[in-house]
>>> print(open('protein18.txt').read())   # compact mmCIF, C-alpha atoms
# COMPACT_ATOMS: atom_id res chain seq x y z
CA MET L 1 76.99 98.49 112.99
CA LEU L 2 77.05 98.78 116.75
CA PRO L 3 79.68 96.57 118.47
CA ASP L 4 77.06 93.99 119.49
CA ASP L 5 75.70 93.91 115.95
CA THR L 6 79.22 93.38 114.63
CA THR L 7 79.83 90.49 117.01
CA SER L 8 76.51 88.93 116.00
CA ALA L 9 77.42 89.23 112.33
CA VAL L 10 80.82 87.66 112.95
CA LEU L 11 79.31 84.73 114.85
CA SER L 12 76.67 84.25 112.19
CA SER L 13 79.36 84.18 109.48
CA VAL L 14 80.97 81.13 111.12
CA GLY L 15 77.66 79.34 111.58
CA VAL L 16 76.94 80.19 115.22
CA THR L 17 73.23 80.91 115.60
CA ALA L 18 71.68 82.71 118.55
CA ASP L 19 70.37 79.50 120.09
CA ARG L 20 73.96 78.22 120.46
CA ILE L 21 75.06 81.21 122.56
CA ALA L 22 74.80 80.75 126.32
CA ALA L 23 76.44 84.04 127.29
CA ARG L 24 78.11 87.03 125.69
CA VAL L 25 80.15 89.45 127.81
CA PRO L 26 82.11 92.49 126.58
CA LEU L 27 85.65 92.51 127.96
CA SER L 28 87.28 95.70 129.13
CA GLY L 29 90.95 96.45 129.70
CA GLY L 30 91.96 97.03 126.10
CA THR L 31 92.02 100.46 124.52
CA PHE L 32 91.84 99.64 120.82
CA ASN L 33 89.78 96.65 119.65
CA ALA L 34 86.29 95.63 120.75
CA VAL L 35 86.54 92.28 122.57
CA THR L 36 83.69 89.97 123.56
CA ARG L 37 83.80 86.66 125.40
CA VAL L 38 81.23 84.24 124.02
CA THR L 39 80.24 81.05 125.86
CA LEU L 40 78.50 78.47 123.70
CA THR L 41 75.89 75.99 124.88
CA ASP L 42 78.38 73.13 124.38
CA GLY L 43 80.68 74.75 126.96
CA ASP L 44 83.24 76.21 124.58
CA ASP L 45 84.55 79.68 125.45
CA TRP L 46 85.53 81.96 122.59
CA VAL L 47 86.92 85.47 122.39
CA VAL L 48 85.77 87.59 119.44
CA LYS L 49 87.89 90.61 118.56
CA THR L 50 86.99 93.30 116.02
CA PRO L 51 88.86 96.53 115.29
CA PRO L 52 87.41 100.04 115.30
CA PRO L 53 86.55 101.64 111.94
CA ALA L 54 89.71 102.81 110.18
CA THR L 55 88.60 106.41 109.83
CA ALA L 56 90.99 109.27 109.29
CA GLY L 57 92.29 110.87 112.45
CA THR L 58 91.53 107.93 114.75
CA LEU L 59 94.50 105.62 114.17
CA MET L 60 98.23 105.78 114.49
CA SER L 61 100.17 104.61 111.46
CA TYR L 62 101.22 101.27 112.95
CA GLU L 63 97.66 100.47 114.04
CA ARG L 64 96.38 99.70 110.56
CA ASP L 65 95.61 96.00 110.10
CA LEU L 66 96.63 95.08 113.65
CA LEU L 67 94.64 91.86 113.46
CA VAL L 68 97.09 90.62 110.83
CA ASN L 69 99.81 90.90 113.46
CA GLU L 70 97.66 89.21 116.09
CA VAL L 71 96.81 86.21 113.94
CA GLU L 72 100.48 85.91 112.99
CA PHE L 73 101.51 85.94 116.64
CA TYR L 74 99.05 83.25 117.74
CA THR L 75 99.73 81.11 114.69
CA ARG L 76 103.51 81.20 115.00
CA ALA L 77 103.45 80.76 118.80
CA ALA L 78 100.90 77.97 118.64
CA GLY L 79 103.23 75.44 120.28
CA SER L 80 102.79 77.15 123.65
CA THR L 81 99.90 76.06 125.85
CA VAL L 82 99.37 79.61 127.14
CA ILE L 83 98.68 81.08 123.69
CA PRO L 84 95.07 81.35 122.42
CA ARG L 85 94.21 79.18 119.43
CA VAL L 86 92.90 80.96 116.36
CA LEU L 87 89.56 79.32 115.56
CA HIS L 88 88.35 81.62 112.78
CA SER L 89 89.66 84.81 111.24
CA GLU L 90 88.84 87.27 108.49
CA LEU L 91 91.53 89.84 107.74
CA ASP L 92 90.05 91.52 104.68
CA PRO L 93 88.73 94.96 105.71
CA ASN L 94 86.30 94.81 102.78
CA ALA L 95 84.65 91.58 103.93
CA PRO L 96 80.93 91.88 104.80
CA THR L 97 81.69 91.46 108.49
CA GLY L 98 84.84 93.55 108.41
CA PRO L 99 88.02 92.01 109.84
CA TYR L 100 87.84 89.85 112.95
CA VAL L 101 89.55 87.07 114.83
CA ILE L 102 87.88 84.41 116.95
CA MET L 103 90.17 82.62 119.38
CA SER L 104 89.93 80.21 122.26
CA ALA L 105 89.61 81.82 125.70
CA CYS L 106 92.53 81.24 128.04
CA PRO L 107 91.93 80.55 131.73
CA GLY L 108 92.59 83.07 134.46
CA ARG L 109 92.31 86.81 134.88
CA PRO L 110 94.75 89.64 134.22
CA TRP L 111 97.67 89.72 136.62
CA ASN L 112 97.22 93.44 137.24
CA GLU L 113 93.72 92.83 138.65
CA PHE L 114 95.08 90.93 141.67
CA ALA L 115 95.29 92.94 144.88
CA PRO L 116 98.87 93.61 146.04
CA ASP L 117 98.52 91.10 148.89
CA ALA L 118 96.68 88.44 146.85
CA LEU L 119 99.92 86.83 145.71
CA SER L 120 102.57 85.92 148.23
CA ALA L 121 106.11 87.08 147.57
CA ALA L 122 107.18 83.50 146.88
CA GLU L 123 104.33 82.92 144.43
CA GLY L 124 105.05 86.20 142.65
CA ARG L 125 108.70 85.23 142.22
CA ARG L 126 107.72 81.81 140.90
CA LEU L 127 105.33 83.34 138.38
CA ARG L 128 108.01 85.74 137.17
CA ARG L 129 110.39 82.81 136.69
CA ASP L 130 107.70 80.87 134.80
CA LEU L 131 107.05 83.95 132.67
CA GLY L 132 110.74 84.17 131.83
CA ARG L 133 110.69 80.64 130.46
CA ILE L 134 107.55 81.34 128.43
CA VAL L 135 108.95 84.53 126.89
CA ALA L 136 112.27 82.87 126.02
CA ARG L 137 110.42 80.16 124.13
CA LEU L 138 108.38 82.75 122.25
CA HIS L 139 111.61 84.50 121.30
CA SER L 140 112.98 81.26 119.87
CA VAL L 141 110.45 81.55 117.01
CA THR L 142 112.08 83.07 113.92
CA GLY L 143 110.33 84.88 111.09
CA SER L 144 111.13 83.95 107.52
CA GLY L 145 110.06 87.12 105.68
CA GLY L 146 112.16 89.81 107.31
CA PHE L 147 111.85 92.38 110.09
CA GLY L 148 108.88 94.56 111.04
CA TYR L 149 105.11 94.39 111.40
CA PRO L 150 103.45 91.50 109.49
CA GLY L 151 100.54 93.81 108.71
CA ARG L 152 102.97 96.08 106.82
CA ALA L 153 101.30 99.16 108.26
CA VAL L 154 104.51 101.19 108.13
CA GLY L 155 106.00 99.44 105.10
CA PRO L 156 106.97 95.98 103.90
CA LEU L 157 109.07 93.62 105.97
CA ALA L 158 112.67 94.78 105.77
CA PRO L 159 115.88 92.80 105.24
CA THR L 160 117.54 94.41 108.28
CA TRP L 161 116.34 95.32 111.73
CA ARG L 162 117.83 98.80 111.38
CA GLN L 163 115.64 99.49 108.33
CA ALA L 164 112.52 98.12 110.01
CA PHE L 165 112.95 99.96 113.31
CA THR L 166 113.79 103.21 111.54
CA ALA L 167 110.52 102.92 109.60
CA MET L 168 108.66 102.23 112.84
CA THR L 169 110.10 105.23 114.69
CA ASP L 170 109.75 107.51 111.67
CA ALA L 171 106.05 106.58 111.54
CA VAL L 172 105.34 107.38 115.18
CA LEU L 173 107.23 110.69 114.92
CA ALA L 174 105.24 111.56 111.79
CA ASP L 175 102.08 110.78 113.78
CA ALA L 176 103.32 113.10 116.52
CA ASP L 177 103.60 115.90 113.98
CA THR L 178 100.23 115.10 112.39
CA TYR L 179 98.39 115.04 115.70
CA ARG L 180 100.50 117.79 117.29
CA ALA L 181 101.19 115.55 120.23
CA ARG L 182 102.90 116.98 123.27
CA LEU L 183 106.44 115.59 123.60
CA PRO L 184 109.33 116.62 125.85
CA ARG L 185 111.55 117.31 122.80
CA PRO L 186 110.90 118.38 119.19
CA THR L 187 110.34 115.48 116.82
CA ALA L 188 113.26 116.53 114.61
CA ALA L 189 115.64 116.29 117.56
CA VAL L 190 114.29 112.88 118.57
CA ARG L 191 114.56 111.60 115.00
CA ALA L 192 118.17 112.77 114.71
CA LEU L 193 119.14 111.14 118.01
CA LEU L 194 117.55 107.82 117.12
CA ALA L 195 119.27 107.88 113.73
CA ALA L 196 122.65 108.54 115.35
CA ALA L 197 122.21 105.45 117.53
CA SER L 198 120.74 103.22 114.81
CA PRO L 199 123.99 101.42 113.81
CA VAL L 200 123.69 99.36 117.02
CA LEU L 201 120.57 97.76 115.54
CA ASP L 202 122.78 95.93 113.05
CA ASP L 203 123.79 93.68 115.95
CA VAL L 204 120.36 92.04 115.52
CA THR L 205 120.44 89.55 112.65
CA ARG L 206 117.53 87.19 113.48
CA PRO L 207 113.89 88.34 113.28
CA ALA L 208 112.48 86.96 116.54
CA LEU L 209 108.82 86.86 117.53
CA VAL L 210 108.31 89.93 119.73
CA HIS L 211 104.99 90.54 121.53
CA PHE L 212 105.84 94.13 122.61
CA ASP L 213 102.90 94.48 125.00
CA LEU L 214 103.74 92.11 127.84
CA TRP L 215 102.54 94.25 130.71
CA GLN L 216 100.60 92.45 133.42
CA GLY L 217 97.22 93.33 131.90
CA ASN L 218 98.01 90.95 129.02
CA LEU L 219 99.16 88.10 131.27
CA LEU L 220 96.43 85.87 132.71
CA VAL L 221 97.01 84.15 136.04
CA ASP L 222 94.98 81.04 136.88
CA GLY L 223 94.64 78.66 139.81
CA GLU L 224 94.25 78.64 143.56
CA PRO L 225 96.54 80.48 145.99
CA GLY L 226 99.88 78.75 146.22
CA ALA L 227 99.33 76.85 142.97
CA ARG L 228 98.80 79.67 140.49
CA ALA L 229 100.24 79.58 136.98
CA ILE L 230 100.38 81.73 133.88
CA GLY L 231 97.15 80.82 132.12
CA GLY L 232 97.44 82.96 129.02
CA VAL L 233 99.52 85.46 127.07
CA ILE L 234 97.01 87.54 125.15
CA ASP L 235 96.64 90.63 122.92
CA GLY L 236 99.38 89.87 120.43
CA GLU L 237 98.23 92.60 118.05
CA ARG L 238 101.34 94.76 118.49
CA MET L 239 103.77 91.97 117.69
CA PHE L 240 106.57 92.38 115.20
CA TRP L 241 109.54 90.42 113.93
CA GLY L 242 112.59 92.01 115.51
CA ASP L 243 114.93 92.16 118.48
CA PRO L 244 113.78 90.06 121.46
CA VAL L 245 115.30 92.68 123.77
CA ALA L 246 112.38 94.95 122.79
CA ASP L 247 110.01 92.83 124.90
CA PHE L 248 111.91 93.76 128.06
CA VAL L 249 110.41 97.27 127.97
CA SER L 250 106.80 96.28 128.69
CA LEU L 251 107.92 93.41 130.92
CA ALA L 252 109.44 96.02 133.23
CA LEU L 253 107.25 99.00 132.37
CA PHE L 254 108.71 102.15 133.97
CA GLY L 255 111.29 99.90 135.64
CA ASN L 256 114.58 98.13 134.99
CA VAL L 257 114.41 94.54 133.80
CA GLU L 258 117.99 93.99 134.99
CA GLU L 259 116.61 94.09 138.53
CA ASP L 260 114.09 91.30 137.84
CA ALA L 261 116.29 88.37 138.86
CA ASP L 262 113.47 85.83 138.84
CA PHE L 263 112.31 86.66 135.32
CA LEU L 264 115.88 86.64 134.00
CA ALA L 265 116.60 83.30 135.67
CA GLY L 266 113.54 81.79 134.00
CA TYR L 267 114.52 83.35 130.69
CA ALA L 268 117.97 81.74 130.92
CA GLU L 269 116.33 78.39 131.63
CA GLY L 270 114.06 78.86 128.62
CA ASP L 271 116.70 79.70 126.04
CA GLY L 272 119.71 77.98 127.61
CA ARG L 273 121.83 81.12 127.53
CA GLY L 274 120.22 84.11 129.17
CA ILE L 275 120.81 87.77 128.41
CA ALA L 276 124.11 89.55 128.94
CA PHE L 277 123.40 93.24 129.45
CA ASP L 278 126.35 94.57 127.52
CA ALA L 279 126.64 98.01 125.91
CA SER L 280 124.77 96.93 122.77
CA VAL L 281 121.82 95.45 124.67
CA ARG L 282 121.52 98.47 126.96
CA LEU L 283 121.55 100.96 124.08
CA ARG L 284 119.03 98.93 122.11
CA LEU L 285 116.82 98.70 125.20
CA ALA L 286 116.95 102.50 125.54
CA LEU L 287 115.87 102.84 121.89
CA TYR L 288 112.90 100.53 122.43
CA ARG L 289 111.92 102.45 125.55
CA CYS L 290 111.89 105.59 123.41
CA TYR L 291 109.63 103.88 120.88
CA LEU L 292 107.09 102.60 123.41
CA TYR L 293 106.91 105.85 125.35
CA LEU L 294 106.51 107.82 122.12
CA ILE L 295 103.54 105.61 121.23
CA MET L 296 102.01 106.07 124.69
CA LEU L 297 102.24 109.86 124.44
CA VAL L 298 101.13 110.25 120.83
CA GLU L 299 98.17 107.86 121.02
CA THR L 300 96.38 110.07 123.55
CA VAL L 301 95.46 112.42 120.69
CA PRO L 302 93.80 110.12 118.11
CA ARG L 303 92.15 108.17 120.93
CA ARG L 304 90.75 111.39 122.32
CA ALA L 305 91.96 110.57 125.81
CA SER L 306 90.34 112.35 128.72
CA ARG L 307 92.10 115.31 130.27
CA GLU L 308 92.95 113.15 133.28
CA ASP L 309 94.55 110.49 131.07
CA ARG L 310 96.48 113.11 129.11
CA GLU L 311 97.81 114.58 132.32
CA TRP L 312 98.79 111.13 133.55
CA ALA L 313 100.68 110.50 130.31
CA TRP L 314 102.52 113.79 130.66
CA THR L 315 103.47 113.30 134.29
CA ALA L 316 104.19 109.55 134.16
CA VAL L 317 105.28 108.76 130.61
CA ALA L 318 107.02 111.91 129.40
CA PRO L 319 109.74 111.69 132.10
CA GLN L 320 110.33 108.07 131.11
CA LEU L 321 110.78 109.12 127.49
CA GLU L 322 113.18 111.88 128.52
CA SER L 323 115.15 109.39 130.63
CA ALA L 324 115.40 106.96 127.71
CA LEU L 325 116.53 109.72 125.34
CA ALA L 326 119.15 110.76 127.89
CA ASP L 327 120.38 107.16 128.11
CA VAL L 328 120.80 107.09 124.34
CA GLU L 329 122.76 110.35 124.45
CA SER L 330 124.97 109.06 127.24
CA ALA L 331 125.77 105.87 125.34
CA LEU L 332 126.69 107.84 122.23
CA ARG L 333 128.93 110.20 124.20
CA THR L 334 130.83 107.44 125.94
CA GLY L 335 130.94 105.13 122.94
CA ASP L 336 129.41 102.30 124.97
>>> encode(input="protein18.txt", output="structure tokens")
Amino acid sequence: MLPDDTTSAVLSSVGVTADRIAARVPLSGGTFNAVTRVTLTDGDDWVVKTPPPATAGTLMSYERDLLVNEVEFYTRAAGSTVIPRVLHSELDPNAPTGPYVIMSACPGRPWNEFAPDALSAAEGRRLRRDLGRIVARLHSVTGSGGFGYPGRAVGPLAPTWRQAFTAMTDAVLADADTYRARLPRPTAAVRALLAAASPVLDDVTRPALVHFDLWQGNLLVDGEPGARAIGGVIDGERMFWGDPVADFVSLALFGNVEEDADFLAGYAEGDGRGIAFDASVRLRLALYRCYLYLIMLVETVPRRASREDREWAWTAVAPQLESALADVESALRTGD
């Protein structure tokens, strides 16, 4: 089916006939699933998400059954007013419609779409503080089945975070070999370095709800100037049960979350404690930076990224990966 045909089939499967649809608009911004905003004649706004066909050579290992993760994220975070509500879902890839999720649409538009001068400095700081409180509350949610991806794409949930994260990094490095992705270091060397640092992961004993894609494109901002608020936290498909520190990578993409005083202040208000950036936290953060930047480099191959996008990844992301690997090496040398 074409994407529009798939969306029509999904809507039909939940009893929505064509005469009940006032508008249907494809949403851009994502790079994996097909997403359509559907406005019904009764005024309800829905978002319909369907994955691409799971054909060989088009997916990374962790991307199988991503909608399972997304439904888990929204369901377990349902107490937050900025999280979409799951209205209907089908997670069986063999279902007539294929897998899908239908969720409520959150108000606002992606934070990254605002012009640099659209938000005053004061409003930007307030939003970062609000975001800190929201993320801390998400991190208070604890999984009961173990660590890792709920969709079990790289293996079953594990009893320890070290086991789960090792499976996750092994999978992306295997993808790098399969797709012959361009990396700044050989995969064997990266694997050995991550393994040498892995004992620090045993400091994590609670499987927290981790979004792992909290860049500004997945944060909706709503309201009038001076009174704006976080309207939605979306695209929870890459969530896993793990170390909450892992979310700090995308929250400060290519930056240093320790310098984000407003976010950290809000986070401390949200969890009542805050984060102490000790040696363990900093080493773990370096490991999670390695993982995200590996994904960003490897995925350019199965997604058949344009030459321009591949060059951007090499010039912007590869140095970040090298910096994170160097931070891991430094921590191991000094024993910090």
>>> axis_aligned_box(input="protein18.txt", around="range 174-178 of chain L", padding_each_side="5 Å", output="JSON")
{"center_x": 102.7, "center_y": 113.3, "center_z": 114.2, "size_x": 15.0, "size_y": 15.1, "size_z": 14.7}
>>> residues_around(input="protein18.txt", residues="Ala158 in chain L", least_positions_apart="2", cutoff="7 Å", atoms="all atoms listed in the file", output="list in words")
Gly146, Phe147, Gly148, Pro156, Thr160, Gln163 and Ala164 of chain L
>>> write_last_selection(input="protein18.txt", atoms="C-alpha atoms", output="PDB file, keeping the file's coordinate frame")
ATOM      1  CA  GLY L 146     112.160  89.810 107.310  1.00  0.00           C
ATOM      2  CA  PHE L 147     111.850  92.380 110.090  1.00  0.00           C
ATOM      3  CA  GLY L 148     108.880  94.560 111.040  1.00  0.00           C
ATOM      4  CA  PRO L 156     106.970  95.980 103.900  1.00  0.00           C
ATOM      5  CA  THR L 160     117.540  94.410 108.280  1.00  0.00           C
ATOM      6  CA  GLN L 163     115.640  99.490 108.330  1.00  0.00           C
ATOM      7  CA  ALA L 164     112.520  98.120 110.010  1.00  0.00           C
TER       8      ALA L 164
END
>>> residues_around(input="protein18.txt", residues="Leu183 in chain L", least_positions_apart="3", cutoff="8 Å", atoms="all atoms listed in the file", output="PyMOL selection string")
chain L and resi 186-187+294+297+318
>>> write_last_selection(input="protein18.txt", atoms="C-alpha atoms", output="mmCIF file, keeping the file's coordinate frame")
data_model
loop_
_atom_site.group_PDB
_atom_site.id
_atom_site.type_symbol
_atom_site.label_atom_id
_atom_site.label_comp_id
_atom_site.auth_asym_id
_atom_site.auth_seq_id
_atom_site.Cartn_x
_atom_site.Cartn_y
_atom_site.Cartn_z
ATOM 1 C CA PRO L 186 110.900 118.380 119.190
ATOM 2 C CA THR L 187 110.340 115.480 116.820
ATOM 3 C CA LEU L 294 106.510 107.820 122.120
ATOM 4 C CA LEU L 297 102.240 109.860 124.440
ATOM 5 C CA ALA L 318 107.020 111.910 129.400
#
>>> closest_residue(input="protein18.txt", among="L:Ala192, L:Ala136, L:Asn112, L:Val317", to="Gln216 in chain L", atoms="all atoms listed in the file")
L:Asn112
>>> atom_distance(input="protein18.txt", atom1="CA of Arg137 in chain L", atom2="CA of Arg289 in chain L")
22.4 Å
>>> residues_around(input="protein18.txt", residues="Asp260 in chain L", least_positions_apart="6", cutoff="12 Å", atoms="only C-alpha atoms", output="list in words")
Gly124, Arg125, Arg126, Leu127, Arg128, Arg129, Leu131, Gly132, Phe248, Leu251, Ala252, Leu253, Gly266 and Tyr267 of chain L
>>> residues_near_point(input="protein18.txt", point="(110.2, 114.5, 116.8)", cutoff="8 Å", atoms="only C-alpha atoms", output="ChimeraX atom specification")
/L:173-174,176-177,183,185-191
